[in-house]
Every structure is written in structure tokens, then in C-alpha cells.
>>> print(open('input.tsv').read())   # TSV, C-alpha atoms
chain	number	residue	atom	x	y	z
A	1	MET	CA	86.45	37.88	30.06
A	2	GLY	CA	84.40	37.98	26.90
A	3	ARG	CA	85.99	35.03	25.12
A	4	THR	CA	85.07	31.43	25.68
A	5	LEU	CA	87.10	29.51	28.26
A	6	THR	CA	89.03	26.57	26.87
A	7	TRP	CA	90.41	23.37	28.39
A	8	LYS	CA	93.88	24.87	27.91
A	9	GLN	CA	92.94	27.80	30.12
A	10	GLY	CA	91.58	25.32	32.63
A	11	CYS	CA	95.02	23.64	32.76
A	12	GLN	CA	96.78	27.01	33.08
A	13	GLU	CA	94.54	28.15	35.92
A	14	GLY	CA	94.87	24.75	37.57
A	15	LEU	CA	98.67	24.98	37.72
A	16	PRO	CA	98.85	27.27	40.80
A	17	ILE	CA	96.42	24.91	42.54
A	18	PHE	CA	98.65	21.96	41.55
A	19	ILE	CA	101.63	23.77	43.12
A	20	GLY	CA	99.66	24.61	46.25
A	21	TYR	CA	98.30	21.09	46.71
A	22	PHE	CA	101.62	19.35	46.20
A	23	PRO	CA	103.32	20.13	49.57
A	24	THR	CA	100.11	19.52	51.50
A	25	ALA	CA	99.66	16.19	49.74
A	26	ILE	CA	103.27	15.33	50.64
A	27	ALA	CA	102.32	15.85	54.29
A	28	PHE	CA	99.34	13.56	53.76
A	29	GLY	CA	101.57	10.88	52.22
A	30	LEU	CA	103.85	11.12	55.25
A	31	LEU	CA	100.88	10.82	57.59
A	32	CYS	CA	99.69	7.66	55.80
A	33	ARG	CA	103.17	6.23	56.21
A	34	ASP	CA	103.10	7.04	59.95
A	35	LEU	CA	99.77	5.22	60.22
A	36	GLY	CA	101.34	2.09	58.77
A	37	LEU	CA	99.43	2.20	55.49
A	38	LYS	CA	100.91	0.94	52.23
A	39	ALA	CA	101.78	3.26	49.33
A	40	TRP	CA	98.76	2.13	47.30
A	41	HIS	CA	96.47	2.78	50.27
A	42	ALA	CA	97.72	6.39	50.40
A	43	VAL	CA	97.20	6.87	46.66
A	44	LEU	CA	93.77	5.20	46.83
A	45	PHE	CA	92.89	7.56	49.71
A	46	SER	CA	93.73	10.69	47.71
A	47	ALA	CA	92.33	9.39	44.42
A	48	THR	CA	88.93	8.42	45.85
A	49	ASN	CA	88.48	11.18	48.46
A	50	PHE	CA	90.31	14.19	46.92
A	51	ALA	CA	89.48	16.30	49.96
A	52	GLY	CA	92.30	17.87	52.01
A	53	SER	CA	90.78	18.49	55.42
A	54	GLY	CA	88.38	15.53	55.12
A	55	GLN	CA	91.26	13.16	54.38
A	56	PHE	CA	93.45	14.44	57.22
A	57	LEU	CA	90.51	14.05	59.57
A	58	ALA	CA	89.68	10.53	58.29
A	59	ALA	CA	93.33	9.49	58.58
A	60	SER	CA	93.69	10.79	62.13
A	61	LEU	CA	90.43	9.06	63.09
A	62	MET	CA	91.76	5.82	61.61
A	63	GLY	CA	94.90	6.30	63.71
A	64	SER	CA	92.87	6.81	66.89
A	65	GLY	CA	90.84	3.67	66.26
A	66	ALA	CA	87.53	5.50	65.73
A	67	LEU	CA	84.40	3.63	64.69
A	68	LEU	CA	83.51	3.58	61.00
A	69	ILE	CA	80.29	5.51	61.67
A	70	GLU	CA	82.24	8.26	63.52
A	71	LEU	CA	84.52	8.59	60.54
A	72	PHE	CA	81.64	8.60	58.04
A	73	ILE	CA	79.63	11.32	59.85
A	74	SER	CA	82.70	13.48	60.57
A	75	VAL	CA	83.84	13.38	56.93
A	76	LEU	CA	80.31	14.02	55.70
A	77	LEU	CA	79.99	17.11	57.91
A	78	ILE	CA	83.40	18.55	57.21
A	79	ASN	CA	82.90	18.18	53.45
A	80	MET	CA	79.36	19.50	53.42
A	81	ARG	CA	80.63	22.80	52.08
A	82	TYR	CA	81.16	21.05	48.73
A	83	THR	CA	77.39	20.80	48.39
A	84	PHE	CA	77.10	24.58	48.26
A	85	MET	CA	80.09	25.00	46.01
A	86	GLY	CA	78.79	22.30	43.67
A	87	ALA	CA	75.36	23.94	43.57
A	88	GLU	CA	76.95	27.19	42.42
A	89	LEU	CA	79.14	25.43	39.83
A	90	ALA	CA	76.20	23.39	38.53
A	91	ARG	CA	74.24	26.61	38.03
A	92	LYS	CA	77.08	28.18	36.07
A	93	LEU	CA	77.87	25.27	33.74
A	94	ASP	CA	77.03	26.00	30.10
A	95	ASP	CA	75.02	22.95	29.12
A	96	ASP	CA	73.47	19.90	30.70
A	97	LEU	CA	75.96	17.27	31.71
A	98	SER	CA	75.29	13.70	30.68
A	99	TRP	CA	74.75	11.10	33.43
A	100	TRP	CA	78.35	9.87	33.28
A	101	GLN	CA	79.89	13.35	33.25
A	102	ARG	CA	78.15	14.53	36.41
A	103	PRO	CA	80.07	12.32	38.89
A	104	ILE	CA	83.37	13.22	37.22
A	105	ILE	CA	82.78	16.98	37.43
A	106	ALA	CA	81.31	16.62	40.95
A	107	HIS	CA	84.37	14.67	42.17
A	108	GLY	CA	86.61	17.62	41.29
A	109	THR	CA	84.77	20.15	43.50
A	110	THR	CA	87.26	21.55	46.02
A	111	ASP	CA	87.63	24.90	47.80
A	112	GLU	CA	90.41	26.06	45.48
A	113	VAL	CA	88.80	24.85	42.22
A	114	PHE	CA	85.59	26.55	43.26
A	115	SER	CA	87.26	29.86	44.13
A	116	VAL	CA	89.03	29.97	40.74
A	117	ALA	CA	86.06	28.84	38.63
A	118	VAL	CA	83.46	31.17	40.14
A	119	LEU	CA	85.52	34.23	39.23
A	120	HIS	CA	84.43	33.67	35.61
A	121	PRO	CA	81.00	34.77	34.49
A	122	ALA	CA	78.50	32.08	33.44
A	123	PRO	CA	78.36	30.00	31.33
A	124	LEU	CA	81.35	27.84	32.26
A	125	PRO	CA	82.28	25.32	29.52
A	126	LYS	CA	82.55	21.82	30.97
A	127	GLY	CA	85.88	21.27	29.15
A	128	TYR	CA	87.40	24.21	31.04
A	129	LEU	CA	86.09	23.03	34.39
A	130	PHE	CA	87.21	19.45	33.76
A	131	ALA	CA	90.76	20.61	32.86
A	132	LEU	CA	90.92	22.86	35.95
A	133	GLU	CA	89.82	19.99	38.17
A	134	ALA	CA	92.05	17.38	36.51
A	135	THR	CA	95.20	19.53	36.92
A	136	SER	CA	94.44	20.09	40.60
A	137	TYR	CA	93.65	16.40	41.07
A	138	LEU	CA	96.98	15.42	39.57
A	139	GLY	CA	98.81	17.67	42.07
A	140	TRP	CA	96.97	16.10	44.99
A	141	VAL	CA	97.37	12.45	44.00
A	142	SER	CA	100.99	12.71	42.79
A	143	GLY	CA	101.97	14.74	45.89
A	144	THR	CA	100.56	11.99	48.10
A	145	ALA	CA	102.65	9.35	46.33
A	146	VAL	CA	105.79	11.52	46.53
A	147	GLY	CA	105.15	12.22	50.24
A	148	PHE	CA	104.87	8.54	50.98
A	149	LEU	CA	108.08	7.79	49.11
A	150	ILE	CA	110.21	10.61	50.58
A	151	GLY	CA	109.18	9.43	54.03
A	152	MET	CA	111.86	6.80	53.51
A	153	ILE	CA	114.66	9.39	53.27
A	154	LEU	CA	113.52	12.38	55.38
A	155	PRO	CA	115.08	12.60	58.86
A	156	PRO	CA	112.49	12.06	61.65
A	157	SER	CA	112.73	15.67	62.95
A	158	LEU	CA	111.93	17.06	59.50
A	159	GLN	CA	109.07	14.56	59.09
A	160	LEU	CA	107.64	15.80	62.39
A	161	ALA	CA	108.02	19.41	61.23
A	162	VAL	CA	106.32	18.65	57.88
A	163	GLY	CA	103.38	17.42	59.95
A	164	VAL	CA	102.69	21.07	60.84
A	165	THR	CA	101.63	21.58	57.20
A	166	LEU	CA	98.18	20.29	58.08
A	167	TYR	CA	97.70	22.78	60.91
A	168	ALA	CA	99.26	25.59	58.90
A	169	LEU	CA	96.83	24.89	56.04
A	170	PHE	CA	93.82	25.14	58.34
A	171	THR	CA	95.27	28.22	60.05
A	172	VAL	CA	95.73	29.94	56.69
A	173	LEU	CA	92.13	29.11	55.72
A	174	LEU	CA	90.92	30.46	59.06
A	175	THR	CA	93.00	33.62	58.69
A	176	GLN	CA	91.65	34.23	55.19
A	177	GLN	CA	88.08	33.71	56.36
A	178	THR	CA	88.63	36.06	59.32
A	179	ARG	CA	90.11	38.72	57.05
A	180	GLN	CA	87.13	38.50	54.69
A	181	LYS	CA	84.28	38.08	57.16
A	182	GLY	CA	85.50	39.52	60.47
A	183	ALA	CA	86.25	38.34	63.99
A	184	MET	CA	82.97	36.37	64.29
A	185	VAL	CA	84.61	33.64	62.22
A	186	LEU	CA	87.35	33.35	64.81
A	187	LEU	CA	84.72	33.16	67.55
A	188	VAL	CA	82.93	30.20	65.90
A	189	ALA	CA	86.20	28.33	65.29
A	190	GLY	CA	87.36	29.20	68.82
A	191	ILE	CA	84.18	27.83	70.41
A	192	SER	CA	84.46	24.55	68.51
A	193	ALA	CA	88.18	24.25	69.31
A	194	ALA	CA	87.50	24.87	73.02
A	195	ILE	CA	84.67	22.28	73.16
A	196	HIS	CA	86.78	19.71	71.29
A	197	THR	CA	89.78	20.30	73.58
A	198	ILE	CA	87.69	19.96	76.75
A	199	LEU	CA	85.88	16.84	75.52
A	200	THR	CA	89.01	15.00	74.34
A	201	VAL	CA	91.62	16.14	76.88
A	202	VAL	CA	89.52	16.52	80.05
A	203	PHE	CA	86.75	13.95	79.46
A	204	SER	CA	88.68	11.56	77.15
A	205	PHE	CA	85.86	11.52	74.57
A	206	ALA	CA	86.40	9.58	71.32
A	207	VAL	CA	87.92	12.04	68.83
A	208	GLY	CA	85.32	11.42	66.10
A	209	TRP	CA	82.27	12.02	68.28
A	210	SER	CA	83.91	14.97	70.00
A	211	PHE	CA	84.61	16.46	66.58
A	212	VAL	CA	80.97	16.09	65.53
A	213	ILE	CA	79.61	17.49	68.82
A	214	SER	CA	81.96	20.49	68.90
A	215	MET	CA	81.42	21.34	65.23
A	216	LEU	CA	77.61	21.16	65.45
A	217	SER	CA	77.46	23.08	68.77
A	218	ALA	CA	79.64	25.90	67.46
A	219	THR	CA	77.67	26.00	64.20
A	220	ILE	CA	74.34	26.41	65.99
A	221	ILE	CA	75.75	29.03	68.39
A	222	GLY	CA	77.28	30.83	65.40
A	223	ALA	CA	74.05	30.74	63.38
A	224	LEU	CA	72.20	32.29	66.33
A	225	ILE	CA	74.63	35.19	66.80
A	226	ILE	CA	75.98	35.87	63.30
A	227	ASP	CA	74.33	37.99	60.59
A	228	GLU	CA	73.28	36.43	57.30
A	229	GLU	CA	75.86	38.45	55.30
A	230	VAL	CA	78.78	37.21	57.41
A	231	ALA	CA	77.71	33.60	56.91
A	232	GLN	CA	77.61	33.96	53.13
B	1	MET	CA	90.17	-3.65	60.08
B	2	ASN	CA	91.35	-3.58	56.48
B	3	PRO	CA	92.32	0.09	55.86
B	4	VAL	CA	90.55	0.06	52.51
B	5	ILE	CA	87.17	0.03	54.33
B	6	PRO	CA	87.58	3.38	56.19
B	7	ILE	CA	89.24	4.89	53.11
B	8	LEU	CA	86.23	3.98	50.98
B	9	ALA	CA	83.82	5.08	53.76
B	10	GLY	CA	85.40	8.55	53.55
B	11	ALA	CA	85.13	8.43	49.78
B	12	VAL	CA	81.41	7.57	49.91
B	13	ALA	CA	80.70	10.35	52.47
B	14	THR	CA	82.54	12.86	50.27
B	15	ALA	CA	80.85	11.62	47.09
B	16	ILE	CA	77.39	12.07	48.63
B	17	VAL	CA	77.93	15.76	49.45
B	18	ARG	CA	79.58	16.39	46.09
B	19	LEU	CA	76.96	14.65	43.94
B	20	LEU	CA	73.96	16.09	45.77
B	21	PRO	CA	73.96	19.53	44.07
B	22	PHE	CA	74.25	17.96	40.63
B	23	TYR	CA	71.06	15.96	41.17
B	24	ALA	CA	68.99	17.80	43.84
B	25	SER	CA	67.51	21.19	42.99
B	26	TRP	CA	65.72	21.56	46.37
B	27	LEU	CA	69.01	22.71	47.91
B	28	ASP	CA	68.19	26.25	46.80
B	29	ARG	CA	65.05	26.25	48.93
B	30	LEU	CA	66.38	25.32	52.40
B	31	PRO	CA	65.05	27.26	55.43
B	32	PRO	CA	67.31	30.30	56.09
B	33	PHE	CA	68.53	29.15	59.54
B	34	LEU	CA	69.53	25.73	58.20
B	35	SER	CA	71.17	27.26	55.15
B	36	LYS	CA	73.16	29.68	57.35
B	37	SER	CA	74.18	26.85	59.72
B	38	LEU	CA	75.41	24.70	56.85
B	39	ARG	CA	77.51	27.58	55.56
B	40	LEU	CA	79.12	28.00	58.99
B	41	LEU	CA	79.99	24.30	59.32
B	42	PRO	CA	83.36	24.48	57.53
B	43	ILE	CA	84.42	27.41	59.72
B	44	ALA	CA	83.41	25.52	62.85
B	45	ALA	CA	85.40	22.52	61.56
B	46	LEU	CA	88.66	24.47	61.41
B	47	GLY	CA	88.93	24.96	65.19
B	48	PRO	CA	88.98	21.28	66.22
B	49	LEU	CA	91.16	20.41	63.22
B	50	ILE	CA	93.88	22.63	64.70
B	51	PHE	CA	93.38	22.32	68.47
B	52	PRO	CA	94.43	20.59	70.63
B	53	ALA	CA	96.38	18.42	68.13
B	54	VAL	CA	98.85	21.15	67.13
B	55	ILE	CA	99.97	21.25	70.77
B	56	LEU	CA	99.72	17.55	71.64
B	57	ASP	CA	101.61	16.39	68.52
B	58	TYR	CA	104.75	18.25	69.60
B	59	THR	CA	104.76	17.51	73.34
B	60	PRO	CA	107.15	18.02	75.16
B	61	THR	CA	108.18	20.85	72.76
B	62	TRP	CA	104.49	21.81	72.66
B	63	TRP	CA	105.09	25.36	71.45
B	64	ALA	CA	106.86	24.27	68.22
B	65	GLY	CA	103.72	23.79	66.12
B	66	LEU	CA	102.00	26.71	67.81
B	67	ILE	CA	104.72	29.16	66.78
B	68	GLY	CA	104.77	27.58	63.31
B	69	ILE	CA	101.06	28.22	62.72
B	70	ALA	CA	101.30	31.69	64.29
B	71	ALA	CA	103.91	32.57	61.65
B	72	ALA	CA	101.70	31.10	58.90
B	73	SER	CA	98.77	33.17	60.13
B	74	ALA	CA	100.82	36.39	60.27
B	75	VAL	CA	101.91	35.97	56.63
B	76	ALA	CA	98.42	34.91	55.46
B	77	TRP	CA	96.94	38.02	57.08
B	78	ARG	CA	99.03	40.24	54.80
B	79	LYS	CA	99.23	38.20	51.61
B	80	ASN	CA	97.03	35.82	49.67
B	81	GLY	CA	98.34	32.39	48.75
B	82	MET	CA	99.14	29.28	50.74
B	83	ILE	CA	102.59	28.15	49.72
B	84	ILE	CA	104.74	30.77	51.51
B	85	PRO	CA	102.93	30.61	54.89
B	86	ILE	CA	102.92	26.80	54.86
B	87	LEU	CA	106.61	26.51	53.96
B	88	LEU	CA	107.48	29.12	56.57
B	89	SER	CA	105.59	27.19	59.25
B	90	ILE	CA	107.50	24.00	58.37
B	91	LEU	CA	110.82	25.85	58.54
B	92	ILE	CA	110.08	27.50	61.89
B	93	THR	CA	108.72	24.31	63.46
B	94	TRP	CA	111.76	22.38	62.25
B	95	ALA	CA	114.12	25.03	63.63
B	96	ILE	CA	112.42	24.93	67.04
B	97	LEU	CA	112.49	21.12	67.14
B	98	ALA	CA	116.19	21.19	66.24
B	99	LEU	CA	117.02	23.53	69.14
B	100	PRO	CA	119.13	21.80	71.79
B	101	PHE	CA	116.59	22.25	74.65
>>> encode(input="input.tsv", output="C-alpha cells")
Amino acid sequence: MGRTLTWKQGCQEGLPIFIGYFPTAIAFGLLCRDLGLKAWHAVLFSATNFAGSGQFLAASLMGSGALLIELFISVLLINMRYTFMGAELARKLDDDLSWWQRPIIAHGTTDEVFSVAVLHPAPLPKGYLFALEATSYLGWVSGTAVGFLIGMILPPSLQLAVGVTLYALFTVLLTQQTRQKGAMVLLVAGISAAIHTILTVVFSFAVGWSFVISMLSATIIGALIIDEEVAQ
Amino acid sequence: MNPVIPILAGAVATAIVRLLPFYASWLDRLPPFLSKSLRLLPIAALGPLIFPAVILDYTPTWWAGLIGIAAASAVAWRKNGMIIPILLSILITWAILALPF
């Protein structure tokens, strides 16, 4: 790890992320199609948000007719993890970014980019990080466009099955977190899932508000019962 | 409502949390309980992102998505990586939906 990281290495390390994002982005493109959006709406969605779970949540809230404020708060909360990832990346970057470079580098912060980049010791050259982010970004945005387009030819049963991608993605993330941090993770996610299910199915709460309430309640319960090391 | 408005609302919300650490250094000095809570937020988000939608989306064949994600979880427990578990879940869900009952 002694040698300096180059933009070329950033592209190479971004390739597996590109491949991983592509099928998930296809599912997002299909979802946008189901919602009645146009192709450019779907691409605009992925290009401006570039946030897997946040986008799926925003899209499903749009589909359920949620208020704009519900959508805004829900997306803000679900993506809050990027603040911590960005803080770590900002600390590791080799030199000060100029004012116009900061938003570009910040826009590329995702779970996968973060987990690849932090494996390298500081300092991280900004060219490397930019290339890593740009390759991943390309996979996400192009996958969305492809997903929207293949929606025209996929049979309905397969389209419905591809919809499981979203839940499979979250399940895989949850499984990985549980494996790393223990069963407490499952408890926190289980509490929030149970609250959300009761609020939406039994009490017919608006999905956006129910999402916010269940996530915050489970977070506070979790913070009270979980050790600091597990939360790291 | 024009769909561009909620799309851009999501973009602004995401941009705020992404830009914050590149401009605000006080993030390193949050009270421990708040810091721990914020770290648990994404885990707490995963539960309601999966349930109850994974069941409701496939009603009346409500178990289709459930078995699909169970398979994804079983593979993810043993191996790192996302592609194989996700593709497997699509395949299994599709097979269940294609069953003649």
C-alpha cells in the first residue's frame, strides 16, 4: 500500500461497484416506469440523488402520494449515514479541496465507495477518489436508464420478480451488518419494521411519517440498549 | 405535482447530509448519545424498507418475496458481495410467481 493511489486505480476499484450497482439501478429504472415517470425523470432521479435506499424510499413515497415534507425528512434521515462517511473521507483526503471540488467529491459519497476508499491509509489523493466515485456513478445512472428501457420488453412476471432486488439489497446489507456487529443489529431493524408494519397496516398511517416515527423510535431504543462498540 | 419537484427535494436532502462533513468540523464533537444514535439510524432504516412491503407487494403470493430475500440472506451470511444473493433472490421469486398455484 506504499505507493500513491492513481485515478486509474480509482477506476479499477470502482469497477466491482459499477457491476454491483447496475442490476439494482435496473430495478430502480423499472420502479420509475411503474410510477408513470418518463425516462428523463428516472435518469434525473439517479443523477441528482445517487443514493440507492434513499431513492427507492423517495420513489415509493411519491407513489403513495406522500407530502413533500414527509419525503424530504425521510430521505434526510435515511441518508444521514453519508455525513459520517463523508467526515471520515474528508479527514483522509490528501490536500484541501477547492470550493468547486468539494460538492463534486461529496456527491459521490456512498456506502460502497466509502467501504472501498477507507481501506487505504491516508492520505487519499483526490484524483483517486474522484475516479472511484465517477465509475460507481456511471454504473448507477446508466443502470437506471437501461432498467427503464428494458421495462418495455420484460414480461410482467419477471418485472415483478426484479422488484425483489430492492428488498434483497436491504436484506443483504442487514445480514452483513448482523454478521459484523451481532444480533443487536437485527433487534433494532426488527423493532423499526414492527412499528412501521403496525402503523401502516393496522392504523393506516401515511408511509412517510410512519417511516420517520419507526426509524427514530428504534434508533433511540437501540442507543439506550446497545454498547458504543456495536454502534461504531 | 410535477415529479421533478419531489425528485429535486430528495436531491437537496441528500446533498445537505453529504456536504455537511466537508464544511462543518463540529461533527467530530457531538455528544456521545447523539453520535451513537445517528450511527444506528441506517440500521433502523433497513427494517421498514423491507417490511411490510416485501409481503404486500406480492399478495396474494405473499411468500414469494419473503423466500427470495431469505435466500439472499442465507448466501450473504456465508459470502461477501451483493450480486449473487440479489440475482438468486430474483430467480427464486420469479420461479415462485411462475408456479401454477
>>> residues_near_point(input="input.tsv", point="(75.0, 16.2, 40.5)", cutoff="9 Å", atoms="all atoms listed in the file", output="list in words")
Gly86, Ala87, Ala90, Leu97, Trp99, Arg102, Pro103, Ile105 and Ala106 of chain A; Arg18, Leu19, Leu20, Pro21, Phe22, Tyr23 and Ala24 of chain B
>>> atom_distance(input="input.tsv", atom1="CA of Ile83 in chain B", atom2="CA of Lys92 in chain A")
28.9 Å
>>> interface_residues(input="input.tsv", of="chain A", to="chain B", cutoff="7 Å", atoms="all atoms listed in the file", output="PyMOL selection string")
chain A and resi 20+41+45+48-49+58+68+72+75-76+78-83+86-87+90+102-103+106-107+109+157-158+161-162+164-165+167-172+174-176+179+185+188-190+192-193+196-197+211+215+218-220+223+228+231-232
>>> atom_distance(input="input.tsv", atom1="CA of Ala122 in chain A", atom2="CA of Lys8 in chain A")
17.9 Å
>>> atom_distance(input="input.tsv", atom1="CA of Gln55 in chain A", atom2="CA of Gly143 in chain A")
13.8 Å
>>> closest_residue(input="input.tsv", among="A:Leu89, A:Val141, A:Val207, A:Ile150", to="Lys126 in chain A", atoms="all atoms listed in the file")
A:Leu89
>>> closest_residue(input="input.tsv", among="A:Tyr128, A:Phe56, A:Phe205, A:Phe148", to="Gly29 in chain A", atoms="only C-alpha atoms")
A:Phe148
>>> residues_near_point(input="input.tsv", point="(84.5, 7.3, 61.1)", cutoff="6 Å", atoms="only C-alpha atoms", output="ChimeraX atom specification")
/A:66-72
>>> write_last_selection(input="input.tsv", atoms="C-alpha atoms", output="compact mmCIF listing (two decimals), in the coordinates of the input")
# COMPACT_ATOMS: atom_id res chain seq x y z
CA ALA A 66 87.53 5.50 65.73
CA LEU A 67 84.40 3.63 64.69
CA LEU A 68 83.51 3.58 61.00
CA ILE A 69 80.29 5.51 61.67
CA GLU A 70 82.24 8.26 63.52
CA LEU A 71 84.52 8.59 60.54
CA PHE A 72 81.64 8.60 58.04
>>> axis_aligned_box(input="input.tsv", around="range 58-73 of chain B", padding_each_side="6 Å", output="AutoDock Vina command-line options")
--center_x 103.5 --center_y 25.3 --center_z 67.0 --size_x 21.4 --size_y 27.7 --size_z 28.3
>>> residues_around(input="input.tsv", residues="range 33-39 of chain A", least_positions_apart="2", cutoff="9 Å", atoms="all atoms listed in the file", output="list in words")
Phe28, Gly29, Leu30, Leu31, His41, Ala42, Val43, Leu44, Ala59, Ser60, Met62, Gly63, Thr144, Ala145, Gly147, Phe148, Leu149 and Gly151 of chain A; Pro3 of chain B
>>> decode(input="input.tsv", residues="range 72-87 of chain B", atoms="N, CA and C atoms", output="PDB file, in the first residue's frame")
ATOM      1  N   ALA B  72     -31.418 -14.736  -0.280  1.00  0.00           N
ATOM      2  CA  ALA B  72     -30.360 -13.717  -0.384  1.00  0.00           C
ATOM      3  C   ALA B  72     -29.597 -13.612   0.937  1.00  0.00           C
ATOM      4  N   SER B  73     -30.339 -13.652   2.037  1.00  0.00           N
ATOM      5  CA  SER B  73     -29.724 -13.537   3.355  1.00  0.00           C
ATOM      6  C   SER B  73     -28.827 -14.741   3.652  1.00  0.00           C
ATOM      7  N   ALA B  74     -29.308 -15.944   3.282  1.00  0.00           N
ATOM      8  CA  ALA B  74     -28.532 -17.166   3.541  1.00  0.00           C
ATOM      9  C   ALA B  74     -27.190 -17.118   2.799  1.00  0.00           C
ATOM     10  N   VAL B  75     -27.208 -16.644   1.561  1.00  0.00           N
ATOM     11  CA  VAL B  75     -25.957 -16.562   0.786  1.00  0.00           C
ATOM     12  C   VAL B  75     -25.059 -15.458   1.360  1.00  0.00           C
ATOM     13  N   ALA B  76     -25.661 -14.308   1.685  1.00  0.00           N
ATOM     14  CA  ALA B  76     -24.878 -13.174   2.200  1.00  0.00           C
ATOM     15  C   ALA B  76     -24.230 -13.493   3.546  1.00  0.00           C
ATOM     16  N   TRP B  77     -24.836 -14.407   4.289  1.00  0.00           N
ATOM     17  CA  TRP B  77     -24.291 -14.790   5.595  1.00  0.00           C
ATOM     18  C   TRP B  77     -22.955 -15.527   5.429  1.00  0.00           C
ATOM     19  N   ARG B  78     -22.841 -16.269   4.316  1.00  0.00           N
ATOM     20  CA  ARG B  78     -21.632 -17.063   4.096  1.00  0.00           C
ATOM     21  C   ARG B  78     -20.595 -16.343   3.247  1.00  0.00           C
ATOM     22  N   LYS B  79     -21.051 -15.496   2.336  1.00  0.00           N
ATOM     23  CA  LYS B  79     -20.114 -14.882   1.389  1.00  0.00           C
ATOM     24  C   LYS B  79     -20.324 -13.376   1.315  1.00  0.00           C
ATOM     25  N   ASN B  80     -19.220 -12.651   1.096  1.00  0.00           N
ATOM     26  CA  ASN B  80     -19.341 -11.217   0.854  1.00  0.00           C
ATOM     27  C   ASN B  80     -19.823 -10.995  -0.580  1.00  0.00           C
ATOM     28  N   GLY B  81     -20.204  -9.776  -0.875  1.00  0.00           N
ATOM     29  CA  GLY B  81     -20.641  -9.470  -2.233  1.00  0.00           C
ATOM     30  C   GLY B  81     -22.156  -9.428  -2.327  1.00  0.00           C
ATOM     31  N   MET B  82     -22.648  -8.674  -3.289  1.00  0.00           N
ATOM     32  CA  MET B  82     -24.088  -8.426  -3.393  1.00  0.00           C
ATOM     33  C   MET B  82     -24.724  -9.074  -4.615  1.00  0.00           C
ATOM     34  N   ILE B  83     -23.926  -9.276  -5.644  1.00  0.00           N
ATOM     35  CA  ILE B  83     -24.506  -9.657  -6.933  1.00  0.00           C
ATOM     36  C   ILE B  83     -25.182 -11.034  -6.861  1.00  0.00           C
ATOM     37  N   ILE B  84     -24.463 -12.039  -6.333  1.00  0.00           N
ATOM     38  CA  ILE B  84     -25.016 -13.402  -6.315  1.00  0.00           C
ATOM     39  C   ILE B  84     -26.299 -13.470  -5.466  1.00  0.00           C
ATOM     40  N   PRO B  85     -26.287 -12.963  -4.213  1.00  0.00           N
ATOM     41  CA  PRO B  85     -27.543 -13.047  -3.454  1.00  0.00           C
ATOM     42  C   PRO B  85     -28.710 -12.312  -4.118  1.00  0.00           C
ATOM     43  N   ILE B  86     -28.433 -11.174  -4.739  1.00  0.00           N
ATOM     44  CA  ILE B  86     -29.529 -10.413  -5.358  1.00  0.00           C
ATOM     45  C   ILE B  86     -30.079 -11.164  -6.581  1.00  0.00           C
ATOM     46  N   LEU B  87     -29.182 -11.678  -7.417  1.00  0.00           N
ATOM     47  CA  LEU B  87     -29.643 -12.421  -8.594  1.00  0.00           C
ATOM     48  C   LEU B  87     -30.411 -13.679  -8.186  1.00  0.00           C
TER      49      LEU B  87
END
